[in-house]
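K.L.:
Structure file run.cif (mmCIF, C-alpha atoms) is given on the next line.
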data_target
#
loop_
_atom_site.label_atom_id
_atom_site.label_comp_id
_atom_site.auth_asym_id
_atom_site.auth_seq_id
_atom_site.Cartn_x
_atom_site.Cartn_y
_atom_site.Cartn_z
CA MET A 165 110.58 99.48 129.50
CA VAL A 166 109.50 100.64 132.93
CA ALA A 167 110.33 104.08 134.31
CA GLY A 168 108.93 105.60 137.47
CA GLU A 169 108.64 109.30 138.32
CA THR A 170 110.03 112.35 136.55
CA SER A 171 113.78 111.63 136.75
CA GLY A 172 113.34 108.11 135.36
CA ASP A 173 111.15 109.43 132.55
CA LEU A 174 113.84 111.97 131.65
CA LEU A 175 116.63 109.36 131.58
CA ALA A 176 114.45 106.92 129.65
CA GLY A 177 113.66 109.58 127.05
CA LEU A 178 117.36 110.19 126.46
CA LEU A 179 118.00 106.45 126.18
CA ILE A 180 115.10 106.05 123.74
CA ASP A 181 116.74 108.60 121.44
CA ALA A 182 119.84 106.39 121.31
CA LEU A 183 117.85 103.16 120.85
CA GLN A 184 115.79 104.59 118.00
CA ALA A 185 118.90 105.92 116.27
CA ARG A 186 120.41 102.42 116.24
CA TRP A 187 117.17 100.46 115.70
CA PRO A 188 114.72 102.74 113.81
CA GLN A 189 111.96 100.10 113.68
CA LEU A 190 112.05 99.53 117.44
CA ALA A 191 108.69 99.21 119.22
CA LEU A 192 108.73 100.44 122.84
CA ALA A 193 106.03 99.90 125.45
CA GLY A 194 105.44 99.48 129.19
CA ILE A 195 105.26 102.08 131.95
CA GLY A 196 106.48 105.57 131.15
CA GLY A 197 106.01 109.31 131.36
CA PRO A 198 105.57 112.24 128.99
CA GLN A 199 109.21 112.38 127.82
CA MET A 200 108.95 108.75 126.72
CA VAL A 201 105.49 109.14 125.17
CA ARG A 202 106.69 112.16 123.19
CA ARG A 203 109.19 109.83 121.52
CA GLY A 204 106.57 107.28 120.49
CA PHE A 205 106.60 105.09 123.62
CA ASP A 206 103.33 103.18 124.17
CA ALA A 207 102.61 103.81 127.87
CA TRP A 208 100.29 101.05 129.06
CA TRP A 209 100.35 102.78 132.45
CA PRO A 210 101.69 106.25 133.41
CA ALA A 211 104.99 106.54 135.29
CA GLU A 212 103.33 108.58 138.04
CA ARG A 213 101.71 105.35 139.30
CA LEU A 214 105.17 104.44 140.68
CA ALA A 215 106.11 107.89 142.02
CA VAL A 216 106.05 106.97 145.72
CA ARG A 217 108.98 107.32 148.14
CA GLY A 218 109.38 106.10 151.71
CA TYR A 219 108.38 102.89 153.48
CA VAL A 220 105.21 104.19 155.09
CA GLU A 221 104.13 106.00 151.91
CA VAL A 222 104.64 102.84 149.85
CA LEU A 223 102.49 100.84 152.28
CA ARG A 224 99.53 103.09 151.49
CA HIS A 225 99.87 102.24 147.78
CA TYR A 226 101.25 98.72 148.18
CA ARG A 227 98.29 96.70 146.94
CA GLY A 228 97.88 98.83 143.83
CA ILE A 229 101.59 98.71 142.96
CA VAL A 230 101.76 94.93 143.45
CA ALA A 231 98.65 94.43 141.32
CA LEU A 232 100.15 96.61 138.59
CA ARG A 233 103.42 94.67 138.64
CA HIS A 234 101.51 91.38 138.43
CA GLN A 235 99.51 92.58 135.41
CA LEU A 236 102.63 93.80 133.65
CA ARG A 237 104.60 90.62 134.42
CA GLN A 238 101.82 88.43 133.04
CA ARG A 239 101.50 90.56 129.92
CA LEU A 240 105.23 90.32 129.22
CA LEU A 241 105.38 86.58 129.92
CA ASP A 242 102.39 85.95 127.65
CA LYS A 243 104.02 87.92 124.82
CA PRO A 244 107.77 88.11 125.54
CA PRO A 245 109.61 91.21 124.31
CA THR A 246 113.03 91.08 122.67
CA ALA A 247 114.41 92.68 125.84
CA PHE A 248 113.29 94.45 129.00
CA ILE A 249 114.93 97.65 130.24
CA GLY A 250 114.17 98.80 133.76
CA ILE A 251 114.88 102.49 134.29
CA ASP A 252 115.77 102.99 137.96
CA ALA A 253 112.68 102.32 140.21
CA PRO A 254 114.47 99.30 141.78
CA ASP A 255 111.74 98.55 144.34
CA PHE A 256 109.31 97.92 141.49
CA ASN A 257 111.66 96.71 138.77
CA LEU A 258 113.95 94.20 140.45
CA ASP A 259 111.20 91.72 141.38
CA LEU A 260 109.67 92.09 137.93
CA GLU A 261 113.08 91.65 136.30
CA ALA A 262 113.79 88.46 138.26
CA ALA A 263 110.66 86.83 136.85
CA LEU A 264 111.46 87.94 133.32
CA LYS A 265 115.07 86.75 133.56
CA ARG A 266 113.91 83.31 134.74
CA ALA A 267 111.73 83.17 131.64
CA GLY A 268 114.75 83.81 129.40
CA ILE A 269 113.97 87.44 128.54
CA PRO A 270 117.17 89.55 128.41
CA VAL A 271 117.05 92.10 131.23
CA ILE A 272 118.97 95.38 131.33
CA HIS A 273 118.77 97.77 134.27
CA PHE A 274 119.66 101.39 133.56
CA VAL A 275 120.91 103.23 136.65
CA CYS A 276 122.69 101.18 139.26
CA PRO A 277 120.69 101.09 142.51
CA SER A 278 122.65 103.15 145.01
CA VAL A 279 124.01 100.16 146.94
CA TRP A 280 127.13 102.24 147.69
CA ALA A 281 124.99 104.73 149.63
CA TRP A 282 122.46 102.48 151.37
CA ARG A 283 120.81 99.02 151.17
CA ALA A 284 123.91 97.04 150.19
CA ASP A 285 121.77 93.93 150.78
CA ARG A 286 120.30 94.56 147.31
CA LEU A 287 123.46 93.30 145.59
CA GLN A 288 122.38 89.65 145.67
CA LYS A 289 118.95 90.59 144.40
CA ILE A 290 120.44 92.56 141.51
CA ARG A 291 122.58 89.55 140.52
CA ARG A 292 119.51 87.30 140.47
CA SER A 293 117.37 89.81 138.58
CA VAL A 294 119.39 91.35 135.74
CA ASP A 295 121.75 90.38 132.94
CA HIS A 296 123.50 93.75 132.73
CA VAL A 297 123.53 97.10 134.52
CA LEU A 298 124.18 100.38 132.72
CA CYS A 299 125.92 102.60 135.26
CA LEU A 300 125.84 106.39 135.46
CA PHE A 301 128.90 106.80 137.69
CA PRO A 302 132.47 105.60 137.06
CA PHE A 303 133.00 103.76 140.35
CA GLU A 304 129.90 101.55 140.06
CA PRO A 305 130.93 98.80 137.55
CA ALA A 306 133.89 97.61 139.66
CA LEU A 307 131.65 97.37 142.74
CA LEU A 308 129.02 95.37 140.87
CA GLN A 309 131.56 93.13 139.15
CA ARG A 310 133.04 92.16 142.54
CA HIS A 311 129.63 90.66 143.26
CA GLY A 312 129.30 88.86 139.94
CA ILE A 313 127.10 91.46 138.24
CA ALA A 314 127.95 92.46 134.66
CA ALA A 315 128.00 96.23 134.25
CA THR A 316 129.13 99.03 131.93
CA TYR A 317 129.87 102.66 132.74
CA VAL A 318 127.99 104.73 130.17
CA GLY A 319 128.31 108.16 131.74
CA HIS A 320 125.37 110.30 132.74
CA PRO A 321 123.29 111.36 129.72
CA LEU A 322 122.43 114.65 131.39
CA ALA A 323 126.12 115.57 131.30
CA SER A 324 125.88 115.62 127.50
CA VAL A 325 122.47 117.31 127.37
CA ILE A 326 123.33 120.14 129.78
CA ALA A 327 125.82 122.59 128.31
CA ALA A 328 129.19 122.99 129.98
CA GLU A 329 128.41 126.72 130.22
CA PRO A 330 124.64 127.11 130.65
CA ASP A 331 122.98 130.15 129.06
CA GLY A 332 121.82 131.91 132.21
CA ALA A 333 121.21 135.21 130.43
CA GLY A 334 119.00 133.56 127.83
CA ALA A 335 117.04 131.68 130.49
CA ARG A 336 116.42 134.91 132.40
CA GLN A 337 115.26 136.65 129.26
CA ARG A 338 112.77 133.86 128.52
CA LEU A 339 111.40 134.12 132.06
CA GLY A 340 111.19 137.92 132.07
CA LEU A 341 113.92 138.35 134.69
CA ALA A 342 116.45 141.16 134.73
CA ALA A 343 120.16 140.42 134.49
CA ASP A 344 120.77 141.89 137.96
CA ASP A 345 117.84 140.18 139.72
CA ALA A 346 118.82 137.93 142.64
CA VAL A 347 116.99 134.67 141.80
CA VAL A 348 116.34 131.57 143.92
CA ALA A 349 114.96 128.37 142.35
CA LEU A 350 112.75 126.27 144.62
CA LEU A 351 112.69 122.59 143.62
CA PRO A 352 110.74 120.62 146.24
CA GLY A 353 110.42 117.51 144.06
CA SER A 354 107.96 115.90 141.68
CA ARG A 355 106.17 113.36 143.87
CA ALA A 356 102.98 114.19 145.73
CA SER A 357 104.57 113.18 149.04
CA GLU A 358 107.54 115.49 148.41
CA ILE A 359 105.27 118.43 147.69
CA ASP A 360 103.27 117.73 150.85
CA TYR A 361 106.35 117.49 153.06
CA LEU A 362 108.72 119.96 151.41
CA ALA A 363 106.86 122.64 149.45
CA PRO A 364 105.40 124.38 152.56
CA ARG A 365 108.86 124.45 154.18
CA PHE A 366 110.48 125.83 151.03
CA LEU A 367 107.80 128.49 150.66
CA GLN A 368 108.05 129.47 154.33
CA ALA A 369 111.82 129.77 153.85
CA ALA A 370 111.19 131.95 150.78
CA ALA A 371 108.89 134.19 152.82
CA GLN A 372 111.62 134.60 155.45
CA MET A 373 114.18 135.44 152.77
CA VAL A 374 111.87 138.06 151.25
CA ARG A 375 111.46 139.74 154.61
CA GLN A 376 115.23 140.19 154.72
CA ARG A 377 115.65 140.96 150.99
CA PRO A 378 112.43 142.21 149.40
CA ALA A 379 113.91 142.30 145.89
CA LEU A 380 114.53 138.54 145.73
CA ARG A 381 112.75 136.64 142.95
CA PHE A 382 111.73 132.97 143.24
CA LEU A 383 111.06 130.32 140.58
CA LEU A 384 109.16 127.11 141.35
CA PRO A 385 108.94 124.51 138.55
CA ALA A 386 105.93 122.18 138.89
CA VAL A 387 105.21 119.06 136.85
CA PRO A 388 101.56 118.56 135.80
CA ALA A 389 100.97 115.62 138.16
CA VAL A 390 101.51 117.80 141.26
CA ARG A 391 100.58 121.26 139.94
CA ALA A 392 97.35 121.44 141.97
CA ARG A 393 99.25 120.62 145.17
CA VAL A 394 101.91 123.22 144.37
CA ASP A 395 99.29 125.91 143.65
CA ALA A 396 97.57 125.18 146.96
CA ALA A 397 100.86 125.47 148.85
CA VAL A 398 101.66 128.75 147.09
CA ARG A 399 98.25 130.21 147.98
CA ALA A 400 98.78 129.25 151.61
CA SER A 401 102.23 130.88 151.64
CA GLY A 402 100.92 134.35 150.78
CA LEU A 403 103.78 134.96 148.33
CA GLY A 404 102.60 137.12 145.44
CA GLU A 405 103.23 136.79 141.71
CA ALA A 406 105.67 139.68 141.79
CA THR A 407 107.91 137.58 144.06
CA LEU A 408 107.23 133.98 143.03
CA THR A 409 106.70 132.51 139.56
CA VAL A 410 105.34 128.97 139.27
CA LEU A 411 106.56 127.37 136.05
CA ASP A 412 105.02 124.53 134.05
CA GLY A 413 107.96 122.16 134.35
CA GLN A 414 111.02 123.99 132.95
CA SER A 415 113.27 122.93 135.81
CA HIS A 416 116.34 123.27 133.57
CA THR A 417 115.34 126.81 132.63
CA ALA A 418 114.92 127.64 136.32
CA LEU A 419 118.33 126.17 137.18
CA ALA A 420 119.99 128.07 134.33
CA ALA A 421 118.37 131.34 135.42
CA CYS A 422 118.91 131.15 139.18
CA ASP A 423 121.76 132.26 141.41
CA VAL A 424 121.12 129.51 143.96
CA THR A 425 118.62 126.69 144.42
CA LEU A 426 116.85 125.24 147.43
CA ILE A 427 116.33 121.69 146.28
CA ALA A 428 115.02 118.28 147.33
CA SER A 429 117.53 115.45 147.56
CA GLY A 430 117.40 113.34 144.40
CA THR A 431 118.43 113.39 140.75
CA ALA A 432 117.63 117.10 140.50
CA THR A 433 120.62 117.86 142.72
CA LEU A 434 122.92 116.37 140.09
CA GLU A 435 121.19 118.49 137.44
CA ALA A 436 121.83 121.57 139.59
CA ALA A 437 125.51 120.58 139.87
CA LEU A 438 125.75 120.22 136.08
CA PHE A 439 124.32 123.74 135.81
CA LYS A 440 127.14 124.78 138.23
CA ARG A 441 124.63 126.22 140.67
CA PRO A 442 125.18 126.50 144.44
CA MET A 443 122.46 124.72 146.34
CA VAL A 444 121.01 123.80 149.68
CA ILE A 445 119.84 120.17 149.69
CA ALA A 446 116.86 119.40 151.90
CA TYR A 447 114.62 116.47 152.67
CA ASN A 448 111.75 115.71 154.98
CA MET A 449 109.54 112.64 155.02
CA ASN A 450 107.34 110.49 157.23
CA TRP A 451 109.09 110.03 160.59
CA LEU A 452 108.99 106.22 160.56
CA SER A 453 110.25 106.04 156.96
CA TRP A 454 113.13 108.31 157.95
CA GLN A 455 114.08 106.14 160.93
CA ILE A 456 114.19 103.05 158.72
CA MET A 457 116.17 104.72 155.93
CA ARG A 458 118.77 106.41 158.12
CA ARG A 459 119.73 103.04 159.65
CA LYS A 460 120.55 101.69 156.19
CA LYS A 461 122.72 104.65 155.16
CA LEU A 462 126.34 103.75 154.37
CA GLN A 463 127.83 107.20 153.74
CA PRO A 464 127.68 110.53 155.59
CA TRP A 465 126.17 112.25 152.53
CA VAL A 466 122.72 112.01 150.98
CA GLY A 467 122.95 114.45 148.04
CA LEU A 468 124.47 113.15 144.82
CA PRO A 469 126.86 116.12 144.39
CA ASN A 470 128.30 115.50 147.85
CA ILE A 471 128.54 111.73 147.31
CA LEU A 472 130.37 112.24 144.02
CA CYS A 473 132.67 114.89 145.53
CA GLN A 474 133.11 112.76 148.68
CA ASP A 475 132.68 115.93 150.70
CA PHE A 476 130.01 118.28 152.04
CA ALA A 477 130.46 120.54 149.03
CA VAL A 478 126.95 121.89 149.62
CA PRO A 479 124.81 121.96 152.78
CA GLU A 480 122.38 119.14 153.54
CA LEU A 481 119.47 119.89 155.88
CA LEU A 482 117.51 116.72 156.51
CA GLN A 483 114.38 115.89 158.46
CA GLN A 484 114.23 117.96 161.69
CA GLN A 485 117.14 120.14 160.49
CA ALA A 486 115.08 121.31 157.49
CA THR A 487 113.35 124.20 159.27
CA PRO A 488 112.29 127.23 157.22
CA GLN A 489 114.72 129.41 159.18
CA ALA A 490 117.68 127.07 158.59
CA LEU A 491 116.81 126.69 154.90
CA ALA A 492 116.55 130.45 154.45
CA SER A 493 119.83 131.12 156.26
CA ALA A 494 121.79 128.50 154.30
CA THR A 495 120.39 129.73 150.97
CA LEU A 496 121.16 133.39 151.65
CA ALA A 497 124.69 132.44 152.73
CA TRP A 498 125.48 131.48 149.12
CA LEU A 499 124.31 134.87 147.85
CA ASP A 500 126.68 136.57 150.30
CA ASP A 501 129.79 134.61 149.28
CA PRO A 502 130.71 134.92 145.56
CA ALA A 503 134.17 133.41 146.12
CA ARG A 504 132.62 130.26 147.62
CA CYS A 505 130.25 130.06 144.64
CA GLN A 506 133.14 130.29 142.18
CA GLN A 507 135.08 127.57 143.99
CA LEU A 508 132.02 125.30 143.89
CA SER A 509 131.56 126.02 140.17
CA ARG A 510 135.10 124.79 139.49
CA ARG A 511 134.41 121.54 141.39
CA PHE A 512 131.18 121.00 139.48
CA THR A 513 132.92 121.68 136.15
CA ALA A 514 135.40 118.88 136.90
CA LEU A 515 132.49 116.60 137.87
CA HIS A 516 130.69 117.46 134.62
CA ASP A 517 133.78 116.50 132.60
CA GLU A 518 134.02 113.18 134.41
CA LEU A 519 130.38 112.26 133.75
CA ARG A 520 130.28 113.32 130.09
CA ARG A 521 130.65 110.26 127.87
CA ASP A 522 129.16 109.06 124.58
CA THR A 523 126.28 107.54 126.53
CA ALA A 524 124.22 106.74 123.43
CA ARG A 525 126.96 104.62 121.86
CA LEU A 526 128.14 102.98 125.08
CA ALA A 527 124.61 102.04 126.18
CA THR A 528 123.46 100.68 122.82
CA ASP A 529 126.77 98.81 122.32
CA ALA A 530 126.19 97.03 125.64
CA ILE A 531 122.55 96.27 124.81
CA GLU A 532 123.51 94.94 121.35
CA LYS A 533 126.01 92.51 122.93
CA ILE A 534 123.35 91.24 125.33
CA LEU A 535 120.88 90.69 122.48
CA ALA A 536 123.56 88.91 120.44
CA ARG A 537 123.95 86.34 123.23
#
For this file, write the structure as structure tokens.
P.N.:
Amino acid sequence: MVAGETSGDLLAGLLIDALQARWPQLALAGIGGPQMVRRGFDAWWPAERLAVRGYVEVLRHYRGIVALRHQLRQRLLDKPPTAFIGIDAPDFNLDLEAALKRAGIPVIHFVCPSVWAWRADRLQKIRRSVDHVLCLFPFEPALLQRHGIAATYVGHPLASVIAAEPDGAGARQRLGLAADDAVVALLPGSRASEIDYLAPRFLQAAAQMVRQRPALRFLLPAVPAVRARVDAAVRASGLGEATLTVLDGQSHTALAACDVTLIASGTATLEAALFKRPMVIAYNMNWLSWQIMRRKKLQPWVGLPNILCQDFAVPELLQQQATPQALASATLAWLDDPARCQQLSRRFTALHDELRRDTARLATDAIEKILAR
């Protein structure tokens, strides 16, 4: 298995639970993160080696990533596994998967690359590289099958892990927050580049919000790989511990406890939707990377909740729009409009119901059929 970054590690960990339940003697190895390792995965390399986003950012790490892929490919070809499962990370995995498929190793890709949102040119590459795609969203299998790619909708495992009615009161109690505190969760991402580009903006927005509402409380979950960067950004912001709490991970606890979240575009936005939380989606990256990516975009939305709702259900402030003032204003607007929050919660409840499936059974059934061939 290969998973890159925090979201892939989380999804892979949930899939590993299902695989081990069906095949208790299974041996799992490759590239993975702490969620996978905690379940007995043998991480030859850590997932954070692949946690790079953006064309320009990837160029800085290109030689190292290519060398890593070459080493892994050779290791797997020398001692072929029963199967290979790529967890997201399509820029790394698809080329690796193509080589493994040519060698006769069954290849499963978990999480359909978002060809419906951008980079539709990947469809031919996916067909050459994989035997089967496990899809998180219900509209994806039909799209892939039109291009000759076998696929199964397995639902989103997070929809089963996250409760339909999250325990916000319990989360607040664990974090030492009062029931009537107004709480904002800041989720600037888990990659180093995201922290560098987004954390200062989010913290500046928090400082502006505090000037208008001194009683506001802020939560900022930080994964270990970027904790030093987060701490440096917090020190530079001047926000004190009475206002801002930096958490060791615990993003789900923060989402359960908050009233609204200011959040980086990515998988975390779907998690926020499953927690039924209003949000402001933001992103900022290297200017050249942004110019390249925006030309490949196929839909008007970037955030997963908006793509799935086919509507601007929540605000998106991207690139030059993501100023601290704009972020602060859009976040406070949710706190001032309870009726809008309730309407959004109903939409997210319907989305949660649609994504909740018996992912463990559906995914392992599909994998078993591939292995039987």
K.L.:
Could you jot down the atom CA of A:Arg233 to atom CA of A:Glu304 separation for me, Å, one decimal place?
P.N.:
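Atom-to-atom, atom CA of A:Arg233 to atom CA of A:Glu304, that is 27.4 Å.
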K.L.:
Could you list the residues chosen by the PyMOL selection byres ((chain A and resi 342) around 12) in this structure as an MDAnalysis selection string?
P.N.:
chainID A and resid 332:341 343:347 379:381 421:422
K.L.:
For A:Leu384, which residue among A:Gly402, A:Pro352, A:Gly467, A:Pro364 is the nearest when counting only C-alpha atoms?
P.N.:
A:Pro352
K.L.:
Applied to the shown file, which residues does the PyMOL selection byres ((chain A and resi 503-516) around 6) return, written as a list in words?
P.N.:
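Evaluating the PyMOL selection byres ((chain A and resi 503-516) around 6) on these coordinates yields Ala323, Ala437, Leu438, Lys440, Asp501, Pro502, Asp517, Glu518 and Leu519 of chain A.
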K.L.:
Evaluate the PyMOL selection byres ((chain A and resi 427) around 8) against this structure - the residues, as a count of residues only, please.
P.N.:
15
K.L.:
Nearest to A:Asp423 among A:Asp500, A:Glu358, A:Asp522, A:Asp242, with distances taken over all atoms listed in the file: which residue is it?
P.N.:
A:Asp500
K.L.:
Could you write stretch 421-455 of chain A as an mmCIF file, in the coordinates of the input, with N, CA and C atoms rebuilt where they are missing?
P.N.:
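Contents of out.cif, as written:
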data_model
loop_
_atom_site.group_PDB
_atom_site.id
_atom_site.type_symbol
_atom_site.label_atom_id
_atom_site.label_comp_id
_atom_site.auth_asym_id
_atom_site.auth_seq_id
_atom_site.Cartn_x
_atom_site.Cartn_y
_atom_site.Cartn_z
ATOM 1 N N ALA A 421 118.642 129.928 135.119
ATOM 2 C CA ALA A 421 118.370 131.340 135.420
ATOM 3 C C ALA A 421 118.734 131.744 136.844
ATOM 4 N N CYS A 422 118.796 130.793 137.757
ATOM 5 C CA CYS A 422 118.910 131.150 139.180
ATOM 6 C C CYS A 422 120.343 131.428 139.600
ATOM 7 N N ASP A 423 120.462 132.073 140.758
ATOM 8 C CA ASP A 423 121.760 132.260 141.410
ATOM 9 C C ASP A 423 122.045 131.143 142.397
ATOM 10 N N VAL A 424 120.998 130.577 142.966
ATOM 11 C CA VAL A 424 121.120 129.510 143.960
ATOM 12 C C VAL A 424 119.800 128.751 143.973
ATOM 13 N N THR A 425 119.846 127.475 144.338
ATOM 14 C CA THR A 425 118.620 126.690 144.420
ATOM 15 C C THR A 425 118.475 126.014 145.767
ATOM 16 N N LEU A 426 117.257 126.025 146.259
ATOM 17 C CA LEU A 426 116.850 125.240 147.430
ATOM 18 C C LEU A 426 116.140 124.028 146.862
ATOM 19 N N ILE A 427 116.682 122.831 147.118
ATOM 20 C CA ILE A 427 116.330 121.690 146.280
ATOM 21 C C ILE A 427 116.181 120.403 147.083
ATOM 22 N N ALA A 428 115.228 119.569 146.670
ATOM 23 C CA ALA A 428 115.020 118.280 147.330
ATOM 24 C C ALA A 428 116.105 117.300 146.918
ATOM 25 N N SER A 429 116.549 116.480 147.864
ATOM 26 C CA SER A 429 117.530 115.450 147.560
ATOM 27 C C SER A 429 116.982 114.509 146.493
ATOM 28 N N GLY A 430 117.814 114.201 145.498
ATOM 29 C CA GLY A 430 117.400 113.340 144.400
ATOM 30 C C GLY A 430 118.183 113.678 143.148
ATOM 31 N N THR A 431 117.724 113.171 142.011
ATOM 32 C CA THR A 431 118.430 113.390 140.750
ATOM 33 C C THR A 431 118.566 114.872 140.417
ATOM 34 N N ALA A 432 117.580 115.671 140.824
ATOM 35 C CA ALA A 432 117.630 117.100 140.500
ATOM 36 C C ALA A 432 118.873 117.775 141.069
ATOM 37 N N THR A 433 119.418 117.253 142.162
ATOM 38 C CA THR A 433 120.620 117.860 142.720
ATOM 39 C C THR A 433 121.811 117.695 141.782
ATOM 40 N N LEU A 434 121.860 116.566 141.072
ATOM 41 C CA LEU A 434 122.920 116.370 140.090
ATOM 42 C C LEU A 434 122.725 117.337 138.915
ATOM 43 N N GLU A 435 121.469 117.529 138.508
ATOM 44 C CA GLU A 435 121.190 118.490 137.440
ATOM 45 C C GLU A 435 121.663 119.882 137.857
ATOM 46 N N ALA A 436 121.391 120.261 139.099
ATOM 47 C CA ALA A 436 121.830 121.570 139.590
ATOM 48 C C ALA A 436 123.356 121.667 139.561
ATOM 49 N N ALA A 437 124.039 120.579 139.909
ATOM 50 C CA ALA A 437 125.510 120.580 139.870
ATOM 51 C C ALA A 437 126.007 120.744 138.437
ATOM 52 N N LEU A 438 125.340 120.094 137.475
ATOM 53 C CA LEU A 438 125.750 120.220 136.080
ATOM 54 C C LEU A 438 125.496 121.632 135.547
ATOM 55 N N PHE A 439 124.527 122.334 136.147
ATOM 56 C CA PHE A 439 124.320 123.740 135.810
ATOM 57 C C PHE A 439 125.258 124.653 136.594
ATOM 58 N N LYS A 440 126.133 124.047 137.434
ATOM 59 C CA LYS A 440 127.140 124.780 138.230
ATOM 60 C C LYS A 440 126.479 125.733 139.222
ATOM 61 N N ARG A 441 125.336 125.338 139.770
ATOM 62 C CA ARG A 441 124.630 126.220 140.670
ATOM 63 C C ARG A 441 124.854 125.821 142.128
ATOM 64 N N PRO A 442 125.148 126.796 142.998
ATOM 65 C CA PRO A 442 125.180 126.500 144.440
ATOM 66 C C PRO A 442 123.795 126.079 144.887
ATOM 67 N N MET A 443 123.753 125.256 145.903
ATOM 68 C CA MET A 443 122.460 124.720 146.340
ATOM 69 C C MET A 443 122.456 124.423 147.816
ATOM 70 N N VAL A 444 121.254 124.329 148.340
ATOM 71 C CA VAL A 444 121.010 123.800 149.680
ATOM 72 C C VAL A 444 120.111 122.590 149.477
ATOM 73 N N ILE A 445 120.597 121.408 149.847
ATOM 74 C CA ILE A 445 119.840 120.170 149.690
ATOM 75 C C ILE A 445 119.018 119.934 150.952
ATOM 76 N N ALA A 446 117.746 119.622 150.759
ATOM 77 C CA ALA A 446 116.860 119.400 151.900
ATOM 78 C C ALA A 446 116.025 118.154 151.677
ATOM 79 N N TYR A 447 115.608 117.549 152.772
ATOM 80 C CA TYR A 447 114.620 116.470 152.670
ATOM 81 C C TYR A 447 113.870 116.337 153.974
ATOM 82 N N ASN A 448 112.592 115.993 153.827
ATOM 83 C CA ASN A 448 111.750 115.710 154.980
ATOM 84 C C ASN A 448 110.717 114.687 154.545
ATOM 85 N N MET A 449 110.476 113.710 155.384
ATOM 86 C CA MET A 449 109.540 112.640 155.020
ATOM 87 C C MET A 449 108.866 112.112 156.277
ATOM 88 N N ASN A 450 107.991 111.135 156.095
ATOM 89 C CA ASN A 450 107.340 110.490 157.230
ATOM 90 C C ASN A 450 108.379 110.049 158.254
ATOM 91 N N TRP A 451 108.107 110.286 159.545
ATOM 92 C CA TRP A 451 109.090 110.030 160.590
ATOM 93 C C TRP A 451 109.548 108.580 160.610
ATOM 94 N N LEU A 452 108.622 107.637 160.493
ATOM 95 C CA LEU A 452 108.990 106.220 160.560
ATOM 96 C C LEU A 452 109.825 105.824 159.345
ATOM 97 N N SER A 453 109.449 106.315 158.154
ATOM 98 C CA SER A 453 110.250 106.040 156.960
ATOM 99 C C SER A 453 111.679 106.550 157.140
ATOM 100 N N TRP A 454 111.799 107.738 157.727
ATOM 101 C CA TRP A 454 113.130 108.310 157.950
ATOM 102 C C TRP A 454 113.946 107.458 158.906
ATOM 103 N N GLN A 455 113.350 106.970 159.977
ATOM 104 C CA GLN A 455 114.080 106.140 160.930
ATOM 105 C C GLN A 455 114.593 104.862 160.276
#
